[in-house]
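S.K.: Input structure: model-v8.cif, which contains mmCIF, C-alpha atoms.
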data_run
#
loop_
_atom_site.label_atom_id
_atom_site.label_comp_id
_atom_site.auth_asym_id
_atom_site.auth_seq_id
_atom_site.Cartn_x
_atom_site.Cartn_y
_atom_site.Cartn_z
CA MET Y 246 54.41 28.43 44.04
CA SER Y 247 54.06 25.61 41.50
CA LEU Y 248 54.84 23.10 44.27
CA VAL Y 249 52.07 24.55 46.43
CA LEU Y 250 49.54 24.20 43.62
CA LYS Y 251 50.48 20.57 43.07
CA THR Y 252 49.80 19.53 46.67
CA PRO Y 253 46.20 18.53 47.59
CA PRO Y 254 44.02 21.33 49.06
CA GLU Y 255 43.12 19.01 51.96
CA LEU Y 256 46.74 19.16 53.08
CA HIS Y 257 46.63 22.94 53.18
CA PHE Y 258 43.49 22.88 55.31
CA MET Y 259 45.21 20.50 57.73
CA ILE Y 260 48.20 22.82 57.98
CA PHE Y 261 46.01 25.82 58.71
CA ALA Y 262 44.15 23.86 61.39
CA MET Y 263 47.40 23.00 63.21
CA VAL Y 264 49.13 26.40 63.26
CA PRO Y 265 48.24 29.31 65.58
CA VAL Y 266 46.09 32.20 64.41
CA SER Y 267 49.09 34.53 64.04
CA THR Y 268 50.66 32.10 61.56
CA GLN Y 269 47.37 31.74 59.70
CA LEU Y 270 47.20 35.51 59.26
CA ALA Y 271 50.78 35.57 57.95
CA LEU Y 272 49.99 32.84 55.41
CA LEU Y 273 46.96 34.80 54.20
CA ARG Y 274 49.27 37.60 53.07
CA THR Y 275 51.58 35.42 50.97
CA CYS Y 276 49.47 34.99 47.82
CA ARG Y 277 45.91 34.88 46.56
CA TYR Y 278 45.79 31.07 46.57
CA MET Y 279 46.82 30.83 50.22
CA PHE Y 280 44.35 33.58 51.06
CA ASN Y 281 41.46 31.66 49.48
CA VAL Y 282 42.47 28.49 51.34
CA GLY Y 283 43.28 30.13 54.65
CA VAL Y 284 40.30 32.41 54.93
CA VAL Y 285 37.95 29.42 54.80
CA ALA Y 286 39.76 27.74 57.69
CA LEU Y 287 39.95 30.98 59.66
CA TYR Y 288 36.30 31.98 59.42
CA ARG Y 289 34.55 28.60 59.50
CA HIS Y 290 34.49 28.31 63.31
CA ILE Y 291 34.61 31.61 65.21
CA THR Y 292 34.80 32.35 68.94
CA VAL Y 293 34.68 36.03 69.87
CA SER Y 294 33.93 38.40 72.74
CA ASN Y 295 33.96 42.13 73.43
CA ILE Y 296 36.13 44.06 70.95
CA GLY Y 297 36.81 40.90 68.92
CA ALA Y 298 33.09 40.64 68.18
CA ARG Y 299 32.99 44.26 67.03
CA LYS Y 300 35.97 43.74 64.71
CA LEU Y 301 34.30 40.65 63.22
CA ALA Y 302 31.04 42.52 62.66
CA LEU Y 303 32.76 45.48 61.00
CA THR Y 304 34.75 43.14 58.74
CA ILE Y 305 31.56 41.42 57.56
CA LEU Y 306 29.47 44.58 57.21
CA THR Y 307 32.00 46.86 55.51
CA THR Y 308 34.09 44.59 53.26
CA LYS Y 309 32.94 44.66 49.63
CA ARG Y 310 35.58 42.49 47.96
CA PHE Y 311 34.97 39.26 49.84
CA ASN Y 312 31.83 37.69 51.33
CA TYR Y 313 33.18 36.64 54.71
CA GLU Y 314 29.68 36.02 56.06
CA ARG Y 315 29.27 33.07 53.67
CA LEU Y 316 32.17 31.22 55.31
CA VAL Y 317 30.93 31.19 58.90
CA ARG Y 318 29.41 27.89 60.04
CA THR Y 319 29.65 28.08 63.83
CA LEU Y 320 29.74 31.18 66.03
CA SER Y 321 30.34 31.40 69.77
CA TYR Y 322 29.97 34.78 71.47
CA SER Y 323 30.47 35.69 75.14
CA ALA Y 324 29.43 39.07 76.54
CA SER Y 325 30.63 40.45 79.84
CA ASN Y 326 31.26 44.22 79.76
CA ILE Y 327 28.80 47.09 79.84
CA ASP Y 328 30.31 48.28 76.53
CA ASP Y 329 28.60 45.34 74.83
CA LEU Y 330 25.17 46.83 75.51
CA TYR Y 331 25.44 49.66 73.00
CA LEU Y 332 28.63 48.97 71.04
CA THR Y 333 28.66 45.23 70.36
CA TYR Y 334 25.07 44.00 70.24
CA PRO Y 335 23.78 46.20 67.37
CA LEU Y 336 26.83 45.50 65.18
CA LEU Y 337 27.09 41.78 65.94
CA ILE Y 338 23.40 41.09 65.42
CA ASP Y 339 23.52 42.89 62.07
CA ALA Y 340 26.46 40.70 61.07
CA ILE Y 341 24.79 37.49 62.27
CA CYS Y 342 21.72 38.24 60.17
CA CYS Y 343 24.00 38.23 57.11
CA MET Y 344 25.39 34.74 57.86
CA LYS Y 345 23.11 32.67 55.65
CA TYR Y 346 25.17 29.49 56.10
CA LEU Y 347 25.45 29.63 59.88
CA THR Y 348 24.40 26.27 61.36
CA SER Y 349 25.43 26.58 65.01
CA VAL Y 350 25.38 29.56 67.36
CA SER Y 351 26.26 29.90 71.03
CA PHE Y 352 25.54 32.93 73.25
CA THR Y 353 26.68 33.77 76.76
CA ILE Y 354 24.70 36.84 77.75
CA PRO Y 355 24.49 38.29 81.31
CA ARG Y 356 20.93 38.28 82.59
CA LEU Y 357 20.96 42.06 83.06
CA HIS Y 358 21.78 42.43 79.35
CA THR Y 359 18.95 40.21 78.13
CA ALA Y 360 16.36 42.94 77.58
CA THR Y 361 18.72 45.11 75.51
CA PHE Y 362 20.02 42.14 73.54
CA MET Y 363 16.52 40.91 72.68
CA VAL Y 364 15.32 44.38 71.66
CA ASN Y 365 18.19 44.55 69.15
CA ALA Y 366 17.51 40.98 68.03
CA ARG Y 367 13.86 41.76 67.30
CA ASP Y 368 14.63 45.04 65.54
CA LYS Y 369 17.23 43.41 63.28
CA GLY Y 370 15.14 40.32 62.50
CA LEU Y 371 17.18 37.77 64.45
CA VAL Y 372 14.06 36.78 66.39
CA ARG Y 373 11.34 35.50 64.08
CA GLU Y 374 7.95 35.12 65.69
CA PRO Y 375 5.26 33.09 63.92
CA SER Y 376 2.60 35.34 62.45
CA SER Y 377 0.50 35.84 59.34
CA PHE Y 378 1.95 37.67 56.35
CA PHE Y 379 -0.97 40.10 56.58
CA ASP Y 380 0.34 41.31 59.95
CA SER Y 381 3.48 42.63 58.25
CA ILE Y 382 1.74 44.53 55.41
CA PRO Y 383 1.62 47.89 57.29
CA LYS Y 384 5.35 47.75 58.01
CA LEU Y 385 6.11 46.77 54.43
CA LEU Y 386 4.14 49.78 53.16
CA ALA Y 387 6.12 51.97 55.56
CA GLY Y 388 9.40 50.58 54.21
CA ASP Y 389 10.26 48.89 57.50
CA PRO Y 390 10.66 45.10 57.07
CA SER Y 391 9.82 43.43 60.36
CA SER Y 392 11.32 40.35 61.85
CA SER Y 393 8.25 38.32 60.87
CA CYS Y 394 8.89 38.78 57.13
CA ARG Y 395 12.68 38.39 57.11
CA TYR Y 396 14.13 34.92 56.75
CA THR Y 397 17.27 35.03 58.86
CA LEU Y 398 19.62 32.11 59.58
CA PRO Y 399 17.83 29.64 57.28
CA ARG Y 400 20.30 26.83 58.08
CA LEU Y 401 20.42 27.19 61.86
CA GLU Y 402 20.33 23.76 63.52
CA LYS Y 403 22.21 24.11 66.83
CA LEU Y 404 21.54 26.69 69.52
CA ALA Y 405 23.35 27.00 72.84
CA PHE Y 406 22.97 29.77 75.38
CA ASP Y 407 23.98 30.63 78.91
CA GLY Y 408 21.71 33.32 80.28
CA ASP Y 409 18.05 34.16 80.60
CA VAL Y 410 15.60 31.62 79.14
CA GLU Y 411 14.22 34.46 76.98
CA LEU Y 412 17.12 33.76 74.59
CA ILE Y 413 15.30 30.64 73.38
CA LYS Y 414 13.21 32.92 71.15
CA ILE Y 415 16.19 33.09 68.80
CA GLY Y 416 15.40 29.47 67.92
CA CYS Y 417 11.74 30.15 67.16
CA CYS Y 418 10.67 29.09 63.63
CA HIS Y 419 13.89 27.08 63.16
CA ARG Y 420 14.25 23.30 62.87
CA LEU Y 421 16.67 22.92 65.78
CA THR Y 422 18.32 19.52 66.14
CA ASN Y 423 20.62 20.43 69.07
CA LEU Y 424 19.68 22.61 72.04
CA THR Y 425 21.90 23.44 75.04
CA MET Y 426 20.68 25.54 77.97
CA SER Y 427 23.48 25.95 80.50
CA SER Y 428 21.61 28.20 82.94
CA GLN Y 429 19.26 26.43 85.32
CA VAL Y 430 15.55 26.64 84.49
CA THR Y 431 12.41 25.60 86.31
CA ALA Y 432 9.83 23.14 85.03
CA LYS Y 433 7.51 26.03 84.16
CA GLU Y 434 10.23 27.80 82.17
CA LEU Y 435 11.01 24.55 80.40
CA GLY Y 436 7.38 24.42 79.32
CA GLY Y 437 7.77 27.90 77.84
CA VAL Y 438 10.79 26.70 75.88
CA PHE Y 439 8.76 24.02 74.12
CA ASN Y 440 5.96 26.48 73.48
CA THR Y 441 8.54 28.50 71.53
CA ILE Y 442 10.33 25.78 69.54
CA ASN Y 443 9.27 22.48 68.01
CA GLY Y 444 10.88 19.78 70.14
CA GLY Y 445 10.01 17.12 67.59
CA HIS Y 446 13.09 18.04 65.53
CA LEU Y 447 15.55 17.79 68.42
CA ARG Y 448 18.15 15.00 68.39
CA ARG Y 449 20.19 16.22 71.34
CA LEU Y 450 19.09 18.15 74.43
CA ASP Y 451 21.39 19.45 77.19
CA VAL Y 452 19.49 21.24 79.93
CA ALA Y 453 19.97 22.30 83.55
CA VAL Y 454 16.70 21.95 85.49
CA PHE Y 455 15.90 22.86 89.06
CA THR Y 456 14.13 19.98 90.80
CA SER Y 457 13.62 19.53 94.52
CA THR Y 458 12.67 15.84 94.54
CA THR Y 459 13.17 12.74 92.42
CA LYS Y 460 9.44 12.67 91.72
CA GLU Y 461 9.62 16.15 90.19
CA LEU Y 462 12.56 15.04 88.04
CA LEU Y 463 10.51 12.07 86.82
CA TYR Y 464 7.71 14.41 85.78
CA VAL Y 465 10.20 16.66 83.97
CA LEU Y 466 11.66 13.71 82.06
CA TYR Y 467 8.18 12.51 81.14
CA GLY Y 468 7.31 15.97 79.85
CA ILE Y 469 10.50 16.14 77.79
CA SER Y 470 9.77 12.72 76.30
CA ARG Y 471 6.34 13.92 75.17
CA GLU Y 472 7.72 17.11 73.62
CA CYS Y 473 10.87 15.53 72.13
CA PRO Y 474 10.02 11.98 71.00
CA ASN Y 475 12.95 11.79 68.57
CA LEU Y 476 15.82 12.50 70.97
CA TRP Y 477 19.01 10.50 70.53
CA THR Y 478 20.87 12.07 73.46
CA ILE Y 479 19.53 13.75 76.59
CA GLU Y 480 21.76 15.28 79.27
CA VAL Y 481 20.10 16.74 82.37
CA THR Y 482 21.90 18.61 85.13
CA THR Y 483 19.90 18.81 88.34
CA GLY Y 484 20.12 18.33 92.11
CA MET Y 485 20.19 15.17 94.18
CA PHE Y 486 18.02 12.31 92.89
CA ASN Y 487 17.49 8.60 93.47
CA ALA Y 488 18.91 6.75 90.44
CA ILE Y 489 17.01 3.57 91.32
CA GLU Y 490 13.67 5.36 90.90
CA LEU Y 491 14.71 6.57 87.47
CA THR Y 492 15.46 3.09 86.15
CA GLU Y 493 12.21 1.85 87.69
CA MET Y 494 10.39 4.38 85.52
CA MET Y 495 12.47 3.51 82.44
CA CYS Y 496 11.46 -0.14 82.52
CA LEU Y 497 7.73 0.63 82.48
CA PRO Y 498 5.68 0.98 79.28
CA PRO Y 499 5.23 3.10 77.25
CA ALA Y 500 8.81 3.86 76.24
CA LEU Y 501 10.13 7.02 77.90
CA PHE Y 502 12.34 7.95 74.92
CA PRO Y 503 11.64 5.54 72.03
CA VAL Y 504 14.81 6.17 69.96
CA VAL Y 505 17.23 7.49 72.58
CA ARG Y 506 20.86 6.28 72.55
CA THR Y 507 22.29 8.07 75.58
CA ILE Y 508 20.71 9.22 78.85
CA GLY Y 509 22.78 11.22 81.30
CA ILE Y 510 21.68 12.74 84.60
CA ASN Y 511 24.39 14.83 86.27
CA SER Y 512 26.81 13.03 83.96
CA GLN Y 513 29.39 15.85 84.18
CA ASP Y 514 29.38 15.78 87.98
CA VAL Y 515 32.59 14.23 89.30
CA ARG Y 516 31.32 13.84 92.86
CA PRO Y 517 30.76 10.24 93.99
CA PRO Y 518 27.31 8.72 94.58
CA VAL Y 519 25.99 7.81 98.02
CA PHE Y 520 24.34 4.47 98.72
CA GLY Y 521 21.35 4.05 101.02
CA THR Y 522 21.31 0.37 100.09
CA LEU Y 523 24.28 -1.95 99.66
CA PRO Y 524 26.03 -1.40 96.30
CA ARG Y 525 25.71 -5.04 95.22
CA THR Y 526 21.94 -4.91 95.79
CA CYS Y 527 21.64 -1.67 93.80
CA TYR Y 528 23.78 -3.15 91.02
CA ALA Y 529 21.60 -6.24 90.66
CA LYS Y 530 18.33 -4.29 90.74
CA GLN Y 531 19.41 -1.57 88.31
CA LYS Y 532 20.90 -4.08 85.89
CA ASP Y 533 17.64 -6.03 85.83
CA GLU Y 534 15.63 -2.84 85.25
CA LEU Y 535 17.89 -1.72 82.40
CA GLU Y 536 17.45 -5.11 80.75
CA LYS Y 537 13.68 -4.61 80.88
CA ALA Y 538 13.99 -1.01 79.66
CA ARG Y 539 15.94 -2.21 76.59
CA SER Y 540 12.81 -4.00 75.38
CA TYR Y 541 11.03 -0.62 75.13
CA MET Y 542 14.04 1.54 74.22
CA SER Y 543 15.74 -0.74 71.74
CA TYR Y 544 18.44 1.80 70.76
CA LEU Y 545 19.56 2.62 74.30
CA GLU Y 546 23.32 2.10 74.69
CA THR Y 547 24.58 4.34 77.51
CA VAL Y 548 23.07 5.41 80.83
CA LYS Y 549 25.04 7.61 83.22
CA PHE Y 550 24.04 8.77 86.69
CA GLY Y 551 26.81 10.98 88.06
CA ILE Y 552 30.00 8.96 87.67
CA VAL Y 553 28.08 5.66 87.50
CA ARG Y 554 28.13 4.60 83.87
CA TRP Y 555 26.15 1.70 82.40
CA GLN Y 556 27.14 0.46 78.93
CA TYR Y 557 25.17 -1.93 76.79
CA LYS Y 558 27.41 -4.64 75.33
CA ASP Y 559 25.95 -5.85 72.07
CA SER Y 560 26.69 -9.57 71.89
CA ARG Y 561 24.96 -12.89 71.43
CA VAL Y 562 24.84 -13.48 75.16
CA VAL Y 563 21.24 -13.59 76.29
CA GLU Y 564 21.86 -12.21 79.78
CA GLY Y 565 24.36 -9.81 81.27
CA ARG Y 566 24.43 -7.30 78.40
CA TRP Y 567 24.51 -4.24 80.66
CA GLU Y 568 27.82 -3.68 82.40
CA SER Y 569 29.14 -1.18 84.92
CA ASP Y 570 32.34 -1.14 86.94
CA ALA Y 571 31.26 1.73 89.18
CA PHE Y 572 29.75 -0.42 91.93
CA GLY Y 573 32.99 -2.03 93.06
CA GLY Y 574 35.50 -0.62 95.55
CA ASP Y 575 34.73 1.69 98.44
CA HIS Y 576 31.55 3.78 98.39
CA ALA Y 577 29.89 6.17 100.79
CA ILE Y 578 27.13 4.42 102.72
CA ALA Y 579 24.40 6.46 104.36
CA SER Y 580 24.57 4.75 107.74
CA ASP Y 581 22.02 7.02 109.44
CA GLY Y 582 19.22 6.43 106.95
CA VAL Y 583 19.71 8.67 103.94
CA ARG Y 584 20.19 11.98 105.77
CA SER Y 585 23.95 12.07 105.26
CA TYR Y 586 23.55 12.73 101.52
CA GLU Y 587 21.93 16.10 102.21
CA GLN Y 588 25.33 17.68 102.86
CA GLY Y 589 25.69 18.19 99.09
CA CYS Y 590 28.87 16.13 98.68
CA TYR Y 591 27.35 13.60 96.29
CA SER Y 592 26.04 13.55 92.73
CA CYS Y 593 23.18 11.10 93.23
CA LEU Y 594 21.64 8.57 95.57
CA PHE Y 595 21.17 4.81 95.17
CA LEU Y 596 18.39 3.65 97.46
CA VAL Y 597 16.11 0.64 97.05
CA GLU Y 598 12.96 1.58 98.88
CA GLU Y 599 10.86 -1.15 100.43
CA LYS Y 600 7.38 -1.44 98.95
CA LYS Y 601 4.70 -1.06 101.57
CA SER Y 602 2.32 -3.99 101.58
CA LYS Y 603 -1.33 -3.14 101.08
CA GLU Y 604 -3.51 -3.69 104.11
CA ASN Y 605 -6.46 -5.91 103.58
#
Take the structure I supplied and represent it as structure tokens, if you would.
M.R.:
Amino acid sequence: MSLVLKTPPELHFMIFAMVPVSTQLALLRTCRYMFNVGVVALYRHITVSNIGARKLALTILTTKRFNYERLVRTLSYSASNIDDLYLTYPLLIDAICCMKYLTSVSFTIPRLHTATFMVNARDKGLVREPSSFFDSIPKLLAGDPSSSCRYTLPRLEKLAFDGDVELIKIGCCHRLTNLTMSSQVTAKELGGVFNTINGGHLRRLDVAVFTSTTKELLYVLYGISRECPNLWTIEVTTGMFNAIELTEMMCLPPALFPVVRTIGINSQDVRPPVFGTLPRTCYAKQKDELEKARSYMSYLETVKFGIVRWQYKDSRVVEGRWESDAFGGDHAIASDGVRSYEQGCYSCLFLVEEKKSKEN
């Protein structure tokens, strides 16, 4: 035991991080010192579902000797069974409301469960809607603290959810810096999201948006830039779009995202792009537009359209700072106009459209 006490605590945390959970639990039972070290590593980042979520909630709500809720920093919960409706949600939400140091939370809630989940969230104070203190006086006199006068999750910064867009109300009245919405939303629903939260605090936004045309996508990006002027990273998952039109918009003033570092559209899509114009022509045009865009977005370093990745090389060279190796080799060419891309086998389109000359 004396040898254990002489070794740095950082080494013990590294050991706990490398061994499986079963070994961590065994080490917790050896002595009080190992328990104090191990329980921090075990409860700092938690991923639970179904009965595991109920066990976690009961541990936090019933244990008197140790404040487990103070250890949790990130929580990821996935619901799937009908049992979660009445067994898991009330217990888990009660436990989450006790986690005063929770900074990141992720929910995967089936759409059919959303109404029940949100009712519990409002009743327990997990959803905080902006209102005057005077609105809560009747409930305070009745001995029923409402969600509007309870300060839950004061350190929440990151919210991720896969489910109905109604779940965004969990982030209301919080200074969110990271927001991830995995389920596809429409432009109208996206507007409701920014009516609920303050996008000015966001540094990273990951969102799946339904758009039918490139023009609609451009409008969506413009709207996001107005709501979230301080974004560092934006990742958008959508349908087919013309990447050339996007960079044409990026190189026009005012700056689309003034302080952005990374822009990704369908960046997780592994399908290849399709070219309606020769790749070398698209490469030259997009490179020139990115050079112009850098004068407005001076922090921009990475742009990714599907698997096509552009990287800004910071050097003393005046020209040629943007580089991409995705335009070489064999690529799909839309020989019959651009109709062949509609089969859904591609992540994006590269097409340089000819500008129609104005008739005198």
S.K.: Which residues, named as in the file, does the PyMOL selection byres ((chain Y and resi 453-467) around 6) pick out? Answer as a PDB file with C-alpha atoms, in the frame of the given file.
M.R.:
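Dumped everything to selection.pdb:
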ATOM      1  CA  SER Y 427      23.480  25.950  80.500  1.00  0.00           C
ATOM      2  CA  GLN Y 429      19.260  26.430  85.320  1.00  0.00           C
ATOM      3  CA  VAL Y 430      15.550  26.640  84.490  1.00  0.00           C
ATOM      4  CA  THR Y 431      12.410  25.600  86.310  1.00  0.00           C
ATOM      5  CA  VAL Y 452      19.490  21.240  79.930  1.00  0.00           C
ATOM      6  CA  GLY Y 468       7.310  15.970  79.850  1.00  0.00           C
ATOM      7  CA  ILE Y 469      10.500  16.140  77.790  1.00  0.00           C
ATOM      8  CA  SER Y 470       9.770  12.720  76.300  1.00  0.00           C
ATOM      9  CA  VAL Y 481      20.100  16.740  82.370  1.00  0.00           C
ATOM     10  CA  THR Y 482      21.900  18.610  85.130  1.00  0.00           C
ATOM     11  CA  THR Y 483      19.900  18.810  88.340  1.00  0.00           C
ATOM     12  CA  PHE Y 486      18.020  12.310  92.890  1.00  0.00           C
TER      13      PHE Y 486
END
S.K.: Of the candidates Y:Gly521, Y:Gly551, Y:Gly484, Y:Gly445, which shows the shortest atom-to-atom distance to Gly509 (chain Y), using only C-alpha atoms?
M.R.: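 Selected residue with least distance to Gly509 (chain Y): Y:Gly551.
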S.K.: Show which residues sit within 10 Å of Cys496 (chain Y), as a PyMOL selection string. Count all atoms listed in the file, and ignore same-chain residues fewer than 2 positions away.
M.R.: chain Y and resi 491-494+498-501+531+533-542
S.K.: Rounded to one decimal, what separation in Å do you get between CA of Leu303 (chain Y) and CA of Leu336 (chain Y)?
M.R.: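 Between these atoms lies a distance of 7.3 Å.
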S.K.: Which residues would end up in the selection if the PyMOL selection byres ((chain Y and resi 264-275) around 12) were applied here, given that I need the answer as a list in words?
M.R.: Met246, Val249, His257, Phe258, Met259, Ile260, Phe261, Ala262, Met263, Cys276, Arg277, Tyr278, Met279, Phe280, Asn281, Val282, Gly283, Val284, Val285, Ala286, Leu287, Tyr288 and Ile291 of chain Y
S.K.: Just give me the gap between CA of Arg310 (chain Y) and CA of Arg367 (chain Y) in Å, one decimal is fine.
M.R.: 29.1 Å
